[in-house]
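> One structure, pasted below without further comment.
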Amino acid sequence: MLFLTSCATLSENIRRIFPKDTEQSPAEYTFKLVCTSCREEHDSPIRINRFESHDMPGSKGNASFVMKCKFCGNECSINLTRTKEDLYNLDEESNFELIEQGKKDRKKVGLRSVPVEKAVWLELDCRGCEVTKFEPADTIFVAELVSKKEMEFQFEDDENEWYDYDDDAGEEVSVVDMNFEIVKGK
């Protein structure tokens with residue numbers, strides 16, 4: 001099982017950030033992947049919506065994403081599941097209980113070594129392929145401020161920071177040093 005983790009430095013007025021991913025407004029997650037049979041990298045990034053369901057050829061199952069490797073013909077599929085975790089501001093007292101719960105949930109899936117500074121956002125059940133990189137440019141994120149106000153944002157291509165201004169509070173809002181990593185669990 002693979003997992004998408006994220007970490008960033010949040011301004012002190014941000015309580016948490018998370019991908020905007022509901023049935024009414026599904027996130028488009030963009031990944032680079034490699035075939036596990038021939039080890040060839042797929043020539044272009046693929047987009048997966050976790051609410052879509054595709055029939056798997058020769059199987060009764062469904063997956064969020066299904067394809068056949070162009071190089072060797074191997075069947076590949078990915079099922080996406082959103083975890084309960086968000087990326088929390090560790091200095092915000094109201095997050096302490098949620099952070100502790102996240103630690104317990106990580107132990108169940110073999111992610112003890114993932115530090116609390118990181119959020120585990122997605123579980124990726126990959127068959128016949130391996131996700132190597134997440135590209136955030138197509139994903140909309142939500143920053144929930146300490147004041148409970150929510151602000152939506154996106155990262156531009158190859159950018160790992162976002163700056164905005166909260167007119168209500170008269171403060172700058174920022175997410176900097178945003179990093180994503182694909183890690184292996186159980």
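The way I read the labels, and the way they are meant: chains A, B, ... in the order of the structure tokens, residue 1 as the first residue of every chain, and ligand 1 as the first ligand shown, with later ones counted on from there.
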List every residue of range 22-179 of chain A that DSSP, applied to the backbone of this structure, places in helix (DSSP H, G or I), and write the result as an NGL selection string.
:A and (93-108 or 136-138)
> Filtering to N, CA and C atoms, could you give me those residues as a PDB file, in the first residue's frame?

ATOM      1  N   GLU A  93      -3.654  24.772  19.691  1.00  0.00           N
ATOM      2  CA  GLU A  93      -4.078  23.843  20.748  1.00  0.00           C
ATOM      3  C   GLU A  93      -5.279  22.992  20.362  1.00  0.00           C
ATOM      4  N   SER A  94      -6.203  23.544  19.599  1.00  0.00           N
ATOM      5  CA  SER A  94      -7.410  22.791  19.234  1.00  0.00           C
ATOM      6  C   SER A  94      -7.101  21.585  18.340  1.00  0.00           C
ATOM      7  N   ASN A  95      -5.870  21.478  17.837  1.00  0.00           N
ATOM      8  CA  ASN A  95      -5.486  20.367  16.966  1.00  0.00           C
ATOM      9  C   ASN A  95      -4.857  19.193  17.705  1.00  0.00           C
ATOM     10  N   PHE A  96      -4.501  19.352  18.974  1.00  0.00           N
ATOM     11  CA  PHE A  96      -3.738  18.329  19.691  1.00  0.00           C
ATOM     12  C   PHE A  96      -4.425  16.965  19.689  1.00  0.00           C
ATOM     13  N   GLU A  97      -5.726  16.925  19.938  1.00  0.00           N
ATOM     14  CA  GLU A  97      -6.461  15.658  19.968  1.00  0.00           C
ATOM     15  C   GLU A  97      -6.468  14.990  18.593  1.00  0.00           C
ATOM     16  N   LEU A  98      -6.662  15.787  17.557  1.00  0.00           N
ATOM     17  CA  LEU A  98      -6.693  15.259  16.191  1.00  0.00           C
ATOM     18  C   LEU A  98      -5.332  14.701  15.782  1.00  0.00           C
ATOM     19  N   ILE A  99      -4.273  15.355  16.211  1.00  0.00           N
ATOM     20  CA  ILE A  99      -2.916  14.892  15.904  1.00  0.00           C
ATOM     21  C   ILE A  99      -2.656  13.554  16.588  1.00  0.00           C
ATOM     22  N   GLU A 100      -3.074  13.422  17.838  1.00  0.00           N
ATOM     23  CA  GLU A 100      -2.901  12.162  18.571  1.00  0.00           C
ATOM     24  C   GLU A 100      -3.681  11.031  17.907  1.00  0.00           C
ATOM     25  N   GLN A 101      -4.886  11.310  17.453  1.00  0.00           N
ATOM     26  CA  GLN A 101      -5.688  10.293  16.762  1.00  0.00           C
ATOM     27  C   GLN A 101      -5.000   9.869  15.467  1.00  0.00           C
ATOM     28  N   GLY A 102      -4.416  10.834  14.768  1.00  0.00           N
ATOM     29  CA  GLY A 102      -3.687  10.523  13.540  1.00  0.00           C
ATOM     30  C   GLY A 102      -2.519   9.587  13.789  1.00  0.00           C
ATOM     31  N   LYS A 103      -1.815   9.776  14.902  1.00  0.00           N
ATOM     32  CA  LYS A 103      -0.701   8.885  15.263  1.00  0.00           C
ATOM     33  C   LYS A 103      -1.192   7.449  15.433  1.00  0.00           C
ATOM     34  N   LYS A 104      -2.325   7.285  16.110  1.00  0.00           N
ATOM     35  CA  LYS A 104      -2.891   5.945  16.329  1.00  0.00           C
ATOM     36  C   LYS A 104      -3.295   5.304  15.004  1.00  0.00           C
ATOM     37  N   ASP A 105      -3.922   6.088  14.135  1.00  0.00           N
ATOM     38  CA  ASP A 105      -4.349   5.565  12.836  1.00  0.00           C
ATOM     39  C   ASP A 105      -3.151   5.142  11.989  1.00  0.00           C
ATOM     40  N   ARG A 106      -2.053   5.856  12.086  1.00  0.00           N
ATOM     41  CA  ARG A 106      -0.853   5.536  11.309  1.00  0.00           C
ATOM     42  C   ARG A 106      -0.250   4.202  11.730  1.00  0.00           C
ATOM     43  N   LYS A 107      -0.288   3.911  13.017  1.00  0.00           N
ATOM     44  CA  LYS A 107       0.263   2.639  13.498  1.00  0.00           C
ATOM     45  C   LYS A 107      -0.450   1.458  12.857  1.00  0.00           C
ATOM     46  N   LYS A 108      -1.757   1.590  12.640  1.00  0.00           N
ATOM     47  CA  LYS A 108      -2.559   0.498  12.072  1.00  0.00           C
ATOM     48  C   LYS A 108      -2.151   0.155  10.645  1.00  0.00           C
ATOM     49  N   PRO A 136       0.783  18.654  -7.610  1.00  0.00           N
ATOM     50  CA  PRO A 136      -0.354  19.330  -6.983  1.00  0.00           C
ATOM     51  C   PRO A 136      -1.052  20.406  -7.812  1.00  0.00           C
ATOM     52  N   ALA A 137      -0.551  20.747  -8.982  1.00  0.00           N
ATOM     53  CA  ALA A 137      -1.082  21.902  -9.723  1.00  0.00           C
ATOM     54  C   ALA A 137      -2.575  21.805 -10.046  1.00  0.00           C
ATOM     55  N   ASP A 138      -3.116  20.592 -10.201  1.00  0.00           N
ATOM     56  CA  ASP A 138      -4.533  20.436 -10.561  1.00  0.00           C
ATOM     57  C   ASP A 138      -5.455  20.300  -9.351  1.00  0.00           C
TER      58      ASP A 138
END
> For range 140-148 of chain A, work out the shell of residues within 7 Å, counting only C-alpha atoms and skipping chain neighbours fewer than 5 positions away, then give it as an MDAnalysis selection string.
chainID A and resid 13:20 27 153:154
> Emit the selected residues as a PDB file, in the first residue's frame, including C-alpha atoms.

ATOM      1  CA  ASN A  13      -3.463  32.003  11.619  1.00  0.00           C
ATOM      2  CA  ILE A  14      -4.047  28.744   9.681  1.00  0.00           C
ATOM      3  CA  ARG A  15      -5.576  25.907  11.707  1.00  0.00           C
ATOM      4  CA  ARG A  16      -5.311  23.214   9.000  1.00  0.00           C
ATOM      5  CA  ILE A  17      -5.158  22.609   5.254  1.00  0.00           C
ATOM      6  CA  PHE A  18      -6.636  19.787   3.207  1.00  0.00           C
ATOM      7  CA  PRO A  19      -7.552  18.939  -0.403  1.00  0.00           C
ATOM      8  CA  LYS A  20     -11.032  20.028  -1.476  1.00  0.00           C
ATOM      9  CA  ALA A  27     -10.363  16.653  -6.447  1.00  0.00           C
ATOM     10  CA  PHE A 153      -5.998  27.925  -3.129  1.00  0.00           C
ATOM     11  CA  GLN A 154      -3.918  26.098  -5.724  1.00  0.00           C
TER      12      GLN A 154
END
> From the set A:Leu122, A:Leu33, A:Met67, A:Leu80, which residue has the shortest atom-to-atom contact distance to Phe51 in chain A, counting only C-alpha atoms?
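Once distances to Phe51 in chain A are computed over only C-alpha atoms, the minimum belongs to A:Leu80.
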> Hey, what's within 7 Å of range 36-49 of chain A if we count only C-alpha atoms and toss same-chain stuff fewer than 3 positions away? As a ChimeraX atom specification, please?
/A:26-33,52,64-65,72,74,128-130
> Keeping only C-alpha atoms, write the selected residues as a PDB file, in the first residue's frame.

ATOM      1  CA  PRO A  26     -14.105  16.047  -6.451  1.00  0.00           C
ATOM      2  CA  ALA A  27     -10.363  16.653  -6.447  1.00  0.00           C
ATOM      3  CA  GLU A  28      -8.313  15.725  -9.481  1.00  0.00           C
ATOM      4  CA  TYR A  29      -5.134  14.111  -8.171  1.00  0.00           C
ATOM      5  CA  THR A  30      -2.282  14.057 -10.706  1.00  0.00           C
ATOM      6  CA  PHE A  31       0.448  11.408 -10.462  1.00  0.00           C
ATOM      7  CA  LYS A  32       3.403  10.050 -12.372  1.00  0.00           C
ATOM      8  CA  LEU A  33       3.567   6.276 -12.460  1.00  0.00           C
ATOM      9  CA  GLU A  52     -14.959   7.677 -10.331  1.00  0.00           C
ATOM     10  CA  SER A  64     -10.549   4.641  -9.421  1.00  0.00           C
ATOM     11  CA  PHE A  65      -8.138   4.346 -12.363  1.00  0.00           C
ATOM     12  CA  CYS A  72       4.255  -4.432 -22.149  1.00  0.00           C
ATOM     13  CA  ASN A  74       0.308  -5.156 -18.293  1.00  0.00           C
ATOM     14  CA  GLY A 128       0.469  -3.508 -11.714  1.00  0.00           C
ATOM     15  CA  CYS A 129       1.880   0.004 -11.327  1.00  0.00           C
ATOM     16  CA  GLU A 130       3.586   2.190  -8.779  1.00  0.00           C
TER      17      GLU A 130
END
> Between A:Leu90, A:Phe134, A:Arg50, A:Met56, single out the one closest to Pro115 in chain A, counting only C-alpha atoms.
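Once distances to Pro115 in chain A are computed over only C-alpha atoms, the minimum belongs to A:Leu90.
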> Out of A:Leu87, A:Leu2, A:Val131, A:Leu10, which residue has the shortest atom-to-atom distance to Glu172 in chain A when counting only C-alpha atoms?
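Smallest distance to Glu172 in chain A is found for A:Leu10.
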> Let me make sure I understand: among A:Ser113, A:Asp167, A:Glu152, A:Glu123, which one has the smallest atom-to-atom distance to Ile182 in chain A if we use only C-alpha atoms?
A:Glu123
> What is the CA of Ile78 in chain A to CA of Val120 in chain A distance in Å?
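Taking CA of Ile78 in chain A as the start and CA of Val120 in chain A as the end point, the length is 17.2 Å.
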> Based on DSSP run over this structure's backbone, return all residues of range 23-169 of chain A in strand (DSSP E or B), as number ranges by chain.
A: 29-35, 41, 46-48, 54-55, 62-63, 65-68, 75-82, 87-88, 119-127, 129-135, 141-145, 150-153, 162-166
> Ranking A:Asp91, A:Glu181, A:Asp21, A:Asp125 by minimum distance to Ala63 in chain A and counting only C-alpha atoms, which one comes first?
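Closest to Ala63 in chain A, using only C-alpha atoms: A:Asp125.
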> Between CA of Gly110 in chain A and CA of Glu92 in chain A, measure the distance and give it in Å to one decimal.
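Atom-to-atom, CA of Gly110 in chain A and CA of Glu92 in chain A are spaced 26.6 Å apart.
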